[in-house]
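Reading through the structure tokens given below for one structure.
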Amino acid sequence: MKHTISVLLQNKPGVLSRVTGLFSGRGFNIESLCVAETLEPGVSCLTVVSRGDEAVIEQITKQLHKLIDVIKVTDISDHEYVEREMVLIRVKAESHTRAEVLRVIDIFRGKVVDVSAKSYAVEVTGPASKIQAVIDILRPIGIKEIVRTGTIAMARAPKTK
Amino acid sequence: MGKMSGAQAIVKCLKEEGVKIIFGYPGGAVIDLYDALMDSDIVNVLVRHEQGAVHAADGLARVTGEVGVALLTSGPGATNGVTGIATAYLDSIPMVVLTGQVPRALIGNDAFQEVDIVGISRPCTKHNYLVNKIEDLIPTIREAFHVARSGRPGPVLVDLPKDLVASQLSYPEKQDIKMSSYQPTYKPHPVQIEKACKKIMKARKPVLYVGGGVILSDASKELTELAIKLNIPVTMTLMGLGAFPGSHELSMGMLGMHGTYTANMAVAECDLLIAVGARFDDRVTGKLADFATNAEIIHIDIDPTSISKNVKVDVPIVSDCKNALAALNIWFDTKSGIDLVEEANRHKPWFDTIRDWTEKHPLYYKDDSSVIKPQYVIETLHKHTGGKAIITTEVGQNQMWAAQFYKFDYQRHFVTSGGLGTMGFGLPAAIGAQMAFPDKTVIDIAGDGSIQMNIQELATAKQYNCPVKIAILNNSYLGMVRQWQELFYEKRYASTTMDVAPDFVALARAYGAVGLRATTKDEVEPVIKEALATDNIVIMDFKIEKEEGVYPMVPAGKANTEMLLV
């Protein structure tokens with residue numbers, strides 16, 4: 001099963017390599033990984049998407065927590081959460097497909113961010129499933145290049161007042 | 001406070017941390033540190049190979065419980081230490097390794113003797129550091145000691161650029177170490193203790209399965225109290241030997257691949273397995289699907305990753321072993337309505353079964369007066385040292401025979417590379433142990449293969465008057481691999497024959513040590529007596545039965561109950 005794990009860590013040299021080394025050394029899988037600073041100076045947030053049964057995910061979270069530079073590990077998938085990913089797609093846009101591409105992008109609430117005579121570069125955000133859907137729709141038209149950010153996620157606030 | 005050099009500050013810091021002996025090898029990147037050490041009363045042991053330095057620091061740590069310290073130069077000095085660091089990591093030994101690094105301006109330039117040792121050692125250290133700023137130097141070393149000795153201990157490496165060590169600093173006052181991201185759990189949760197005790201109350205056939213964690217947390221006393229109070233038989237892992245007295249009637253000896261018949265049967269049949277400071281290693285469990293299938297499992301360990309890693313646990317207790325065992329003892333002592341005598345008596349039928357197993361299949365070897373049996377050598381060593389020697393081992397058959405036949409009654413008396421299985425460990429580790437306890441008898445039980453992996457350390461032993469005794473169980477084979485080839489590879493002895501070896505007696509003399517040889521059984525006892533009476537390094541070369549095997553043996557991938565017996 002897919003799990004999205006959020007890791008708060010000290011922003012120190014080599015810390016990312018500790019995390020990725022842990023995954024490769026123990027044979028855990030990384031589907032995507034994003035990392036950037038938080039509001040707190042010196043603390044970064046890393047979001048990793050991995051797959052595995054309960055025992056594997058339990059080991060991943062425990063092993064991450066064992067790293068000296070890791071402050072907090074949360075398996076976001078245990079909670080209600082929102083996830084987002086962004087994709088940049090350069091898609092062929094010639095006279096007979098330009099309108100079609102714009103319609104598709106509009107449906108996915110995307111934006112055109114670069115235009116040339118033969119292509120559009122478009123930006124779409126959403127959960128990984130939506131990103132996959134837009135890619136699937138645009139593929140027959142002709143995708144020339146694609147860059148994805150990987151997933152970031154946040155637990156939803158509690159529903160109580 | 002006046003300024004001092006980085007090197008002087010490091011030496012001062014080492015003193016503050018209680019370091020009395022360090023092991024190392026100089027080089028360009030650490031000249032400043034060695035220079036500063038000359039003005040200190042810290043004993044600086046010059047080894048003959050950096051691997052030896054790290055193993056010696058490890059040996060010292062294992063027998064004292066203190067943090068071992070090794071000092072290596074940059075590049076090859078550091079990489080030579082990596083096997084030693086990994087050895088300590090796999091056995092959770094507290095250690096700080098200081099490595100020199102090229103000046104900061106050269107880092108990343110493929111400078112002479114530059115290597116990214118922080119990158120290389122990342123997967124085999126508990127934590128490591130490259131110090132980048134002079135104001136971080138002393139706080140980092142303090143933190144390194146703290147990390148090495150706290151929680152589940154382990155080796156920590158600190159990489160020290162040469163220019164930084166040579167620059168000036170004001171020595172910072174000692175402060176409490178605060179690490180928001182590192183706070184090991186030392187105290188057991190009372191709810192878990194209660195659950196565990198109730199399971200123990202219910203059990204009819206309990207077994208205590210104890211590992212190195214008990215020794216690391218100095219919990220031998222609490223463990224022994226619990227076992228005796230409730231009459232629970234105890235089996236130990238290789239790393240746990242000595243945590244419970246091996247000669248006690250409740251001791252079933254070691255379990256696992258070369259464990260006793262009794263221990264493996266007891267674990268297979270028990271209804272409650274109480275694992276303390278052990279990690280269900282593959283050499284212990286054999287085929288996982290058949291391991292302790294009838295048992296509920298309580299697991300005490302300070303490292304949460306060890307719990308439910310290989311075997312699903314019913315009652316996890318994240319805690320220091322000493323605290324958790326003490327809490328179990330207190331519960332049984334203070335809970336009203338518990339009759340301890342009755343509790344202990346309830347396990348009597350189980351204990352009788354266990355005694356029957358031991359009577360039927362004790363640890364055994366076919367003795368023979370025409371040859372030297374390695375087991376006989378170990379038993380004779382035990383007899384003449386009163387079981388009180390510190391025993392280090394190399395790796396392979398020598399290690400297993402030592403584990404089986406030297407009945408360890410005391411913790412921190414058996415020093416062996418369990419997790420990594422590092423040949424060449426025993427001699428330098430013996431030197432470390434002997435440096436820590438100059439008056440104790442320290443014996444390295446070795447094979448003719450392993451001893452040659454760090455034989456150069458004889459010169460270190462000689463230089464520092466470490467009268468270690470080395471018992472080579474010499475069968476002219478790499479015996480453990482040969483045994484596997486005999487059993488599972490149709491006796492095709494590929495690359496395990498070592499007919500060409502030095503004359504170990506002459507070799508001993510070449511190093512200024514004493515060499516003794518026994519080629520018949522009659523000669524074993526006199527050789528051992530003479531060695532133990534000699535105040536010098538002694539190599540005892542025992543020409544043992546060449547194709548003797550280690551038994552019982554659980555073939556790889558089989559259940560522990562499918563042991564091959566003698």
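Lettering and numbering for the structure tokens are positional, with chains as A, B, ... in the shown order, residues counted from 1 in each chain, and ligands counted from 1 in the shown order.
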
Using only C-alpha atoms, what table do you get, as CSV, when you list each residue of chain A with an atom no more than 12 Å from chain B, its nearest pair of atoms, and their distance in Å rounded to one decimal, rows by chain then rising number?
residue,atom,partner,partner_atom,distance
A:Val7,CA,B:Ser181,CA,11.5
A:Leu8,CA,B:Ser181,CA,9.3
A:Leu9,CA,B:Ser181,CA,7.9
A:Gln10,CA,B:Ser181,CA,7.9
A:Asn11,CA,B:Ser181,CA,11.7
A:Lys12,CA,B:Tyr129,CA,10.0
A:Pro13,CA,B:Leu130,CA,8.8
A:Gly14,CA,B:Gly119,CA,8.0
A:Val15,CA,B:Arg122,CA,10.2
A:Leu16,CA,B:Gly119,CA,11.6
A:Ser17,CA,B:Gly119,CA,8.4
A:Arg18,CA,B:Arg122,CA,7.0
A:Val19,CA,B:Pro123,CA,10.4
A:Thr20,CA,B:Pro123,CA,10.7
A:Gly21,CA,B:Pro123,CA,7.2
A:Leu22,CA,B:Pro123,CA,7.6
A:Phe23,CA,B:Pro123,CA,10.9
A:Ser24,CA,B:Pro123,CA,10.4
A:Gly25,CA,B:Pro123,CA,7.7
A:Arg26,CA,B:Pro123,CA,10.2
A:Val43,CA,B:Ser181,CA,10.7
A:Glu54,CA,B:Ser308,CA,11.1
A:Ala55,CA,B:Lys309,CA,7.6
A:Val56,CA,B:Lys309,CA,8.6
A:Ile57,CA,B:Lys309,CA,10.9
A:Glu58,CA,B:Thr305,CA,8.6
A:Gln59,CA,B:Thr305,CA,6.3
A:Ile60,CA,B:Thr305,CA,8.9
A:Thr61,CA,B:Thr305,CA,8.9
A:Lys62,CA,B:Thr305,CA,5.4
A:Gln63,CA,B:Thr305,CA,6.0
A:Leu64,CA,B:Thr305,CA,9.5
A:His65,CA,B:Ser181,CA,8.6
A:Lys66,CA,B:Thr305,CA,7.7
A:Leu67,CA,B:His127,CA,7.8
A:Ile68,CA,B:Tyr182,CA,5.6
A:Asp69,CA,B:Ser181,CA,5.9
A:Val70,CA,B:Ser181,CA,5.6
A:Ile71,CA,B:Ser181,CA,4.2
A:Lys72,CA,B:Ser181,CA,7.5
A:Val73,CA,B:Ser181,CA,10.7

Go ahead and write the selection's residues with N, CA and C atoms as a short mmCIF file (atom, residue, chain, number, x, y, z; two decimals), in the first residue's frame.
data_model
loop_
_atom_site.label_atom_id
_atom_site.label_comp_id
_atom_site.auth_asym_id
_atom_site.auth_seq_id
_atom_site.Cartn_x
_atom_site.Cartn_y
_atom_site.Cartn_z
N VAL A 7 8.51 13.96 7.30
CA VAL A 7 9.66 13.88 8.21
C VAL A 7 10.19 15.29 8.47
N LEU A 8 10.22 15.68 9.75
CA LEU A 8 10.88 16.94 10.11
C LEU A 8 12.31 16.62 10.47
N LEU A 9 13.26 17.34 9.88
CA LEU A 9 14.65 17.03 10.19
C LEU A 9 15.51 18.27 10.29
N GLN A 10 16.61 18.11 11.02
CA GLN A 10 17.58 19.20 11.15
C GLN A 10 18.19 19.44 9.78
N ASN A 11 18.24 20.68 9.38
CA ASN A 11 18.82 20.99 8.08
C ASN A 11 20.34 21.06 8.21
N LYS A 12 20.97 19.88 8.18
CA LYS A 12 22.42 19.81 8.35
C LYS A 12 23.02 19.14 7.12
N PRO A 13 24.32 19.38 6.87
CA PRO A 13 24.92 18.77 5.68
C PRO A 13 24.81 17.24 5.75
N GLY A 14 24.45 16.66 4.65
CA GLY A 14 24.42 15.19 4.59
C GLY A 14 23.14 14.56 5.08
N VAL A 15 22.22 15.36 5.59
CA VAL A 15 21.04 14.74 6.21
C VAL A 15 20.16 14.03 5.18
N LEU A 16 20.08 14.62 3.97
CA LEU A 16 19.27 13.98 2.93
C LEU A 16 19.89 12.64 2.55
N SER A 17 21.22 12.63 2.53
CA SER A 17 21.90 11.39 2.18
C SER A 17 21.70 10.33 3.27
N ARG A 18 21.54 10.75 4.53
CA ARG A 18 21.22 9.78 5.58
C ARG A 18 19.87 9.12 5.30
N VAL A 19 18.92 9.95 4.88
CA VAL A 19 17.57 9.42 4.62
C VAL A 19 17.58 8.50 3.40
N THR A 20 18.16 8.97 2.31
CA THR A 20 18.12 8.14 1.09
C THR A 20 18.99 6.90 1.27
N GLY A 21 20.10 7.04 2.00
CA GLY A 21 20.95 5.89 2.27
C GLY A 21 20.22 4.83 3.08
N LEU A 22 19.39 5.29 4.00
CA LEU A 22 18.59 4.36 4.80
C LEU A 22 17.64 3.57 3.90
N PHE A 23 16.98 4.26 2.98
CA PHE A 23 16.04 3.58 2.08
C PHE A 23 16.77 2.59 1.18
N SER A 24 17.88 3.03 0.57
CA SER A 24 18.56 2.11 -0.35
C SER A 24 19.22 0.96 0.41
N GLY A 25 19.84 1.28 1.55
CA GLY A 25 20.55 0.25 2.31
C GLY A 25 19.63 -0.84 2.83
N ARG A 26 18.39 -0.49 3.15
CA ARG A 26 17.47 -1.48 3.72
C ARG A 26 16.44 -1.96 2.69
N VAL A 43 15.26 23.85 10.29
CA VAL A 43 14.44 22.63 10.25
C VAL A 43 13.82 22.51 8.86
N GLU A 54 2.20 -3.25 6.15
CA GLU A 54 2.23 -2.54 7.44
C GLU A 54 3.59 -2.69 8.14
N ALA A 55 4.14 -3.91 8.10
CA ALA A 55 5.40 -4.16 8.80
C ALA A 55 6.53 -3.33 8.19
N VAL A 56 6.53 -3.24 6.86
CA VAL A 56 7.58 -2.47 6.19
C VAL A 56 7.45 -0.99 6.53
N ILE A 57 6.22 -0.48 6.47
CA ILE A 57 6.02 0.94 6.78
C ILE A 57 6.37 1.22 8.23
N GLU A 58 6.06 0.29 9.11
CA GLU A 58 6.42 0.47 10.52
C GLU A 58 7.95 0.56 10.66
N GLN A 59 8.67 -0.32 9.97
CA GLN A 59 10.13 -0.27 10.01
C GLN A 59 10.64 1.05 9.43
N ILE A 60 10.05 1.49 8.32
CA ILE A 60 10.50 2.74 7.71
C ILE A 60 10.37 3.89 8.69
N THR A 61 9.20 3.99 9.33
CA THR A 61 9.01 5.12 10.23
C THR A 61 9.93 5.01 11.45
N LYS A 62 10.11 3.79 11.95
CA LYS A 62 11.01 3.63 13.12
C LYS A 62 12.46 3.93 12.73
N GLN A 63 12.86 3.42 11.59
CA GLN A 63 14.25 3.63 11.17
C GLN A 63 14.52 5.11 10.90
N LEU A 64 13.53 5.79 10.31
CA LEU A 64 13.69 7.23 10.08
C LEU A 64 13.85 7.95 11.41
N HIS A 65 13.01 7.57 12.36
CA HIS A 65 13.05 8.23 13.65
C HIS A 65 14.38 7.99 14.36
N LYS A 66 14.98 6.86 14.06
CA LYS A 66 16.25 6.51 14.72
C LYS A 66 17.40 7.41 14.25
N LEU A 67 17.28 7.98 13.05
CA LEU A 67 18.34 8.89 12.58
C LEU A 67 18.46 10.06 13.55
N ILE A 68 19.67 10.36 13.94
CA ILE A 68 19.89 11.35 14.99
C ILE A 68 19.35 12.72 14.58
N ASP A 69 19.41 13.06 13.29
CA ASP A 69 18.97 14.39 12.85
C ASP A 69 17.46 14.49 12.60
N VAL A 70 16.76 13.39 12.75
CA VAL A 70 15.32 13.43 12.49
C VAL A 70 14.56 13.81 13.76
N ILE A 71 13.69 14.82 13.63
CA ILE A 71 12.97 15.33 14.80
C ILE A 71 11.63 14.63 14.96
N LYS A 72 10.92 14.44 13.85
CA LYS A 72 9.57 13.90 13.95
C LYS A 72 9.21 13.16 12.66
N VAL A 73 8.53 12.05 12.81
CA VAL A 73 8.10 11.27 11.65
C VAL A 73 6.60 11.05 11.77
#

Output as a ChimeraX atom specification all residues of range 360-454 of chain B that backbone DSSP marks as alpha helix (DSSP H).
-> /B:360,374-385,397-405,426-436

Next, write the just-selected residues to a file, as an mmCIF file, in the first residue's frame, keeping N, CA and C atoms as the atom set.
data_model
loop_
_atom_site.group_PDB
_atom_site.id
_atom_site.type_symbol
_atom_site.label_atom_id
_atom_site.label_comp_id
_atom_site.auth_asym_id
_atom_site.auth_seq_id
_atom_site.Cartn_x
_atom_site.Cartn_y
_atom_site.Cartn_z
ATOM 1 N N LYS B 360 19.742 -35.882 27.792
ATOM 2 C CA LYS B 360 19.726 -36.685 26.565
ATOM 3 C C LYS B 360 20.759 -36.170 25.556
ATOM 4 N N PRO B 374 39.540 -29.568 19.718
ATOM 5 C CA PRO B 374 39.500 -28.142 20.064
ATOM 6 C C PRO B 374 38.653 -27.876 21.310
ATOM 7 N N GLN B 375 37.570 -28.658 21.449
ATOM 8 C CA GLN B 375 36.699 -28.458 22.611
ATOM 9 C C GLN B 375 37.454 -28.757 23.899
ATOM 10 N N TYR B 376 38.338 -29.764 23.811
ATOM 11 C CA TYR B 376 39.144 -30.124 24.987
ATOM 12 C C TYR B 376 40.083 -28.968 25.357
ATOM 13 N N VAL B 377 40.621 -28.307 24.340
ATOM 14 C CA VAL B 377 41.506 -27.161 24.598
ATOM 15 C C VAL B 377 40.735 -26.075 25.360
ATOM 16 N N ILE B 378 39.524 -25.796 24.885
ATOM 17 C CA ILE B 378 38.721 -24.738 25.532
ATOM 18 C C ILE B 378 38.391 -25.142 26.971
ATOM 19 N N GLU B 379 37.989 -26.395 27.147
ATOM 20 C CA GLU B 379 37.647 -26.851 28.508
ATOM 21 C C GLU B 379 38.857 -26.752 29.431
ATOM 22 N N THR B 380 40.027 -27.067 28.880
ATOM 23 C CA THR B 380 41.239 -27.017 29.702
ATOM 24 C C THR B 380 41.606 -25.565 30.024
ATOM 25 N N LEU B 381 41.396 -24.687 29.066
ATOM 26 C CA LEU B 381 41.610 -23.256 29.335
ATOM 27 C C LEU B 381 40.667 -22.791 30.451
ATOM 28 N N HIS B 382 39.431 -23.243 30.376
ATOM 29 C CA HIS B 382 38.442 -22.873 31.394
ATOM 30 C C HIS B 382 38.897 -23.358 32.762
ATOM 31 N N LYS B 383 39.347 -24.609 32.785
ATOM 32 C CA LYS B 383 39.762 -25.222 34.056
ATOM 33 C C LYS B 383 40.915 -24.427 34.685
ATOM 34 N N HIS B 384 41.909 -24.083 33.876
ATOM 35 C CA HIS B 384 43.094 -23.459 34.461
ATOM 36 C C HIS B 384 42.968 -21.948 34.652
ATOM 37 N N THR B 385 41.906 -21.363 34.156
ATOM 38 C CA THR B 385 41.676 -19.937 34.424
ATOM 39 C C THR B 385 40.527 -19.768 35.421
ATOM 40 N N GLN B 397 34.982 -21.368 13.519
ATOM 41 C CA GLN B 397 34.843 -22.487 14.455
ATOM 42 C C GLN B 397 35.402 -22.130 15.830
ATOM 43 N N ASN B 398 36.570 -21.429 15.833
ATOM 44 C CA ASN B 398 37.183 -21.082 17.121
ATOM 45 C C ASN B 398 36.210 -20.315 18.007
ATOM 46 N N GLN B 399 35.462 -19.431 17.365
ATOM 47 C CA GLN B 399 34.513 -18.574 18.082
ATOM 48 C C GLN B 399 33.361 -19.405 18.663
ATOM 49 N N MET B 400 32.864 -20.334 17.847
ATOM 50 C CA MET B 400 31.723 -21.133 18.293
ATOM 51 C C MET B 400 32.133 -22.117 19.398
ATOM 52 N N TRP B 401 33.311 -22.740 19.242
ATOM 53 C CA TRP B 401 33.760 -23.644 20.304
ATOM 54 C C TRP B 401 33.974 -22.883 21.605
ATOM 55 N N ALA B 402 34.532 -21.669 21.490
ATOM 56 C CA ALA B 402 34.727 -20.851 22.693
ATOM 57 C C ALA B 402 33.378 -20.548 23.340
ATOM 58 N N ALA B 403 32.410 -20.174 22.507
ATOM 59 C CA ALA B 403 31.078 -19.824 23.019
ATOM 60 C C ALA B 403 30.420 -21.030 23.692
ATOM 61 N N GLN B 404 30.641 -22.214 23.114
ATOM 62 C CA GLN B 404 29.967 -23.402 23.642
ATOM 63 C C GLN B 404 30.642 -23.943 24.903
ATOM 64 N N PHE B 405 31.974 -23.966 24.913
ATOM 65 C CA PHE B 405 32.663 -24.769 25.928
ATOM 66 C C PHE B 405 33.354 -23.964 27.031
ATOM 67 N N GLY B 426 40.017 -10.652 17.160
ATOM 68 C CA GLY B 426 40.361 -11.136 18.498
ATOM 69 C C GLY B 426 41.648 -10.595 19.081
ATOM 70 N N LEU B 427 42.706 -10.551 18.288
ATOM 71 C CA LEU B 427 43.990 -10.115 18.851
ATOM 72 C C LEU B 427 43.967 -8.630 19.231
ATOM 73 N N PRO B 428 43.616 -7.729 18.322
ATOM 74 C CA PRO B 428 43.558 -6.327 18.760
ATOM 75 C C PRO B 428 42.549 -6.091 19.878
ATOM 76 N N ALA B 429 41.419 -6.801 19.854
ATOM 77 C CA ALA B 429 40.435 -6.628 20.931
ATOM 78 C C ALA B 429 41.037 -7.084 22.260
ATOM 79 N N ALA B 430 41.845 -8.153 22.214
ATOM 80 C CA ALA B 430 42.499 -8.642 23.439
ATOM 81 C C ALA B 430 43.466 -7.588 23.969
ATOM 82 N N ILE B 431 44.145 -6.908 23.057
ATOM 83 C CA ILE B 431 45.071 -5.848 23.486
ATOM 84 C C ILE B 431 44.291 -4.725 24.176
ATOM 85 N N GLY B 432 43.164 -4.350 23.588
ATOM 86 C CA GLY B 432 42.317 -3.323 24.212
ATOM 87 C C GLY B 432 41.858 -3.746 25.596
ATOM 88 N N ALA B 433 41.446 -5.008 25.716
ATOM 89 C CA ALA B 433 40.971 -5.517 27.003
ATOM 90 C C ALA B 433 42.112 -5.557 28.022
ATOM 91 N N GLN B 434 43.272 -5.979 27.571
ATOM 92 C CA GLN B 434 44.420 -6.083 28.477
ATOM 93 C C GLN B 434 44.895 -4.700 28.921
ATOM 94 N N MET B 435 44.826 -3.727 28.019
ATOM 95 C CA MET B 435 45.199 -2.355 28.406
ATOM 96 C C MET B 435 44.253 -1.837 29.489
ATOM 97 N N ALA B 436 42.979 -2.242 29.387
ATOM 98 C CA ALA B 436 42.000 -1.792 30.378
ATOM 99 C C ALA B 436 42.206 -2.508 31.711
#

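Nearest residue to Ile528 in chain B, choosing from B:Val43, B:Ile472, B:Leu458, B:Ile93 and counting only C-alpha atoms: B:Ile472.
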
Nearby residues (only C-alpha atoms) at most 10 Å from range 342-348 of chain B, same-chain spacing under 6 positions excluded, as number ranges by chain = B: 200-206, 227-233, 332, 354

Selection file, C-alpha atoms, as a CSV table (one decimal), in the first residue's frame:
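Below you can see again02.csv, which holds the result:
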chain,number,residue,atom,x,y,z
B,200,ILE,CA,4.5,-14.2,32.8
B,201,MET,CA,2.0,-15.2,35.5
B,202,LYS,CA,0.0,-17.2,33.0
B,203,ALA,CA,2.9,-18.9,31.3
B,204,ARG,CA,3.6,-22.6,32.1
B,205,LYS,CA,6.7,-22.9,29.8
B,206,PRO,CA,8.5,-19.5,29.8
B,227,ALA,CA,15.2,-15.8,36.4
B,228,ILE,CA,15.9,-17.2,39.8
B,229,LYS,CA,12.9,-15.6,41.5
B,230,LEU,CA,10.5,-17.1,39.0
B,231,ASN,CA,12.5,-20.2,38.0
B,232,ILE,CA,12.7,-19.3,34.4
B,233,PRO,CA,15.3,-21.0,32.2
B,332,PHE,CA,6.5,-9.4,41.4
B,354,ILE,CA,14.5,-29.0,30.0

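Between Val500 in chain B and the residues B:Gly75, B:Gly449, B:Asp218, B:Ala326, the shortest atom-to-atom distance, using only C-alpha atoms, involves B:Gly449.
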
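All residues of protein, DNA or RNA that reach within 7 Å of range 159-163 of chain B, judged by only C-alpha atoms and not counting those fewer than 5 positions away in the chain, are Ala29, Val30, Leu98, Thr99, Gly100, Gln101, Val102, Pro103, Arg104, Val118, Tyr129, Leu130 and Val131 of chain B.
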
May I have all residues of range 254-459 of chain B that DSSP, computed from the backbone, assigns to strand (DSSP E), given as JSON, numbers by chain?
-> {"B": [254, 272, 273, 274, 275, 276, 296, 297, 298, 299, 300, 301, 315, 316, 317, 318, 390, 391, 392, 393, 414, 415, 442, 443, 444, 445, 446, 447]}

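Here the question is which of A:Arg139, A:Lys92, A:Lys144, A:His3 gets nearest to Thr47 in chain A using only C-alpha atoms, and that residue is A:His3.
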
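Proximity to Lys130 in chain A at 10 Å, evaluated using only C-alpha atoms and with sequence-adjacent residues fewer than 3 positions away removed, yields Arg84, Glu85, Met86, Phe108, Val124, Thr125, Gly126, Pro127, Ala133, Val134, Ile135 and Asp136 of chain A.
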
What's the 12 Å shell around Asn264 in chain B, counting only C-alpha atoms, without same-chain residues fewer than 3 positions away, as number ranges by chain?
-> B: 207, 209, 234-237, 252-261, 267-270, 283-286, 290-292, 354, 357-358, 361, 552-554, 559-564

Tell me which protein, DNA and RNA residues are within 10 Å of Met154 in chain A, counting only C-alpha atoms, leaving out same-chain ones fewer than 4 positions away, and put them as a VMD selection string.
-> chain A and resid 4 to 6 47 76 to 77 79 to 84

Take the residues just selected and output them with all heavy atoms as a compact mmCIF listing (two decimals), in the first residue's frame.
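out_10.txt, written as the output of this step:
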# COMPACT_ATOMS: atom_id res chain seq x y z
N THR A 4 2.27 8.06 2.58
CA THR A 4 2.95 9.35 2.48
C THR A 4 3.48 9.68 3.87
O THR A 4 2.71 9.78 4.81
CB THR A 4 1.98 10.42 1.99
OG1 THR A 4 1.39 9.96 0.77
CG2 THR A 4 2.70 11.74 1.75
N ILE A 5 4.78 9.79 3.97
CA ILE A 5 5.40 9.99 5.28
C ILE A 5 6.06 11.36 5.32
O ILE A 5 6.81 11.73 4.41
CB ILE A 5 6.44 8.88 5.56
CG1 ILE A 5 5.74 7.52 5.56
CG2 ILE A 5 7.16 9.12 6.88
CD1 ILE A 5 6.68 6.35 5.45
N SER A 6 5.73 12.09 6.37
CA SER A 6 6.28 13.43 6.52
C SER A 6 7.36 13.40 7.61
O SER A 6 7.15 12.86 8.68
CB SER A 6 5.14 14.37 6.92
OG SER A 6 5.66 15.62 7.23
N THR A 47 8.98 15.08 2.52
CA THR A 47 7.82 14.21 2.29
C THR A 47 8.25 13.08 1.39
O THR A 47 8.79 13.31 0.31
CB THR A 47 6.68 14.99 1.61
OG1 THR A 47 6.46 16.20 2.34
CG2 THR A 47 5.41 14.16 1.57
N ILE A 76 1.45 10.28 7.28
CA ILE A 76 0.28 11.13 7.02
C ILE A 76 -0.91 10.28 6.57
O ILE A 76 -2.05 10.63 6.80
CB ILE A 76 0.63 12.19 5.95
CG1 ILE A 76 1.74 13.05 6.48
CG2 ILE A 76 -0.59 12.99 5.57
CD1 ILE A 76 1.55 14.51 6.34
N SER A 77 -0.60 9.17 5.94
CA SER A 77 -1.69 8.33 5.43
C SER A 77 -2.56 7.76 6.55
O SER A 77 -3.64 7.25 6.30
CB SER A 77 -1.12 7.17 4.60
OG SER A 77 0.06 7.55 3.97
N HIS A 79 -3.90 9.59 8.66
CA HIS A 79 -4.86 10.65 8.99
C HIS A 79 -5.62 11.05 7.74
O HIS A 79 -5.30 10.64 6.64
CB HIS A 79 -4.12 11.89 9.51
CG HIS A 79 -3.16 11.61 10.61
ND1 HIS A 79 -1.91 11.06 10.40
CD2 HIS A 79 -3.27 11.77 11.94
CE1 HIS A 79 -1.29 10.91 11.55
NE2 HIS A 79 -2.10 11.34 12.51
N GLU A 80 -6.62 11.93 7.95
CA GLU A 80 -7.20 12.65 6.83
C GLU A 80 -6.13 13.63 6.36
O GLU A 80 -5.51 14.32 7.19
CB GLU A 80 -8.43 13.44 7.30
CG GLU A 80 -9.62 12.58 7.64
CD GLU A 80 -10.31 12.09 6.38
OE1 GLU A 80 -10.69 12.94 5.54
OE2 GLU A 80 -10.43 10.85 6.22
N TYR A 81 -5.91 13.70 5.05
CA TYR A 81 -4.85 14.61 4.63
C TYR A 81 -5.11 15.12 3.23
O TYR A 81 -5.92 14.57 2.48
CB TYR A 81 -3.49 13.92 4.69
CG TYR A 81 -3.28 12.82 3.68
CD1 TYR A 81 -2.45 13.04 2.57
CD2 TYR A 81 -3.88 11.58 3.82
CE1 TYR A 81 -2.23 12.03 1.65
CE2 TYR A 81 -3.66 10.57 2.89
CZ TYR A 81 -2.84 10.79 1.80
OH TYR A 81 -2.64 9.81 0.90
N VAL A 82 -4.41 16.21 2.89
CA VAL A 82 -4.44 16.70 1.52
C VAL A 82 -3.04 16.50 0.93
O VAL A 82 -2.04 16.69 1.62
CB VAL A 82 -4.81 18.19 1.42
CG1 VAL A 82 -6.29 18.37 1.58
CG2 VAL A 82 -4.05 19.02 2.44
N GLU A 83 -3.02 16.09 -0.33
CA GLU A 83 -1.72 15.95 -0.98
C GLU A 83 -1.76 16.71 -2.29
O GLU A 83 -2.81 16.82 -2.94
CB GLU A 83 -1.37 14.48 -1.20
CG GLU A 83 -2.33 13.73 -2.12
CD GLU A 83 -1.73 12.46 -2.71
OE1 GLU A 83 -0.92 11.82 -2.02
OE2 GLU A 83 -2.07 12.12 -3.86
N ARG A 84 -0.62 17.26 -2.67
CA ARG A 84 -0.52 18.00 -3.92
C ARG A 84 0.80 17.69 -4.59
O ARG A 84 1.82 17.48 -3.95
CB ARG A 84 -0.58 19.52 -3.64
CG ARG A 84 -1.95 20.06 -3.27
CD ARG A 84 -2.94 19.94 -4.41
NE ARG A 84 -4.25 20.42 -4.02
CZ ARG A 84 -5.20 19.65 -3.47
NH1 ARG A 84 -4.96 18.37 -3.23
NH2 ARG A 84 -6.37 20.16 -3.15
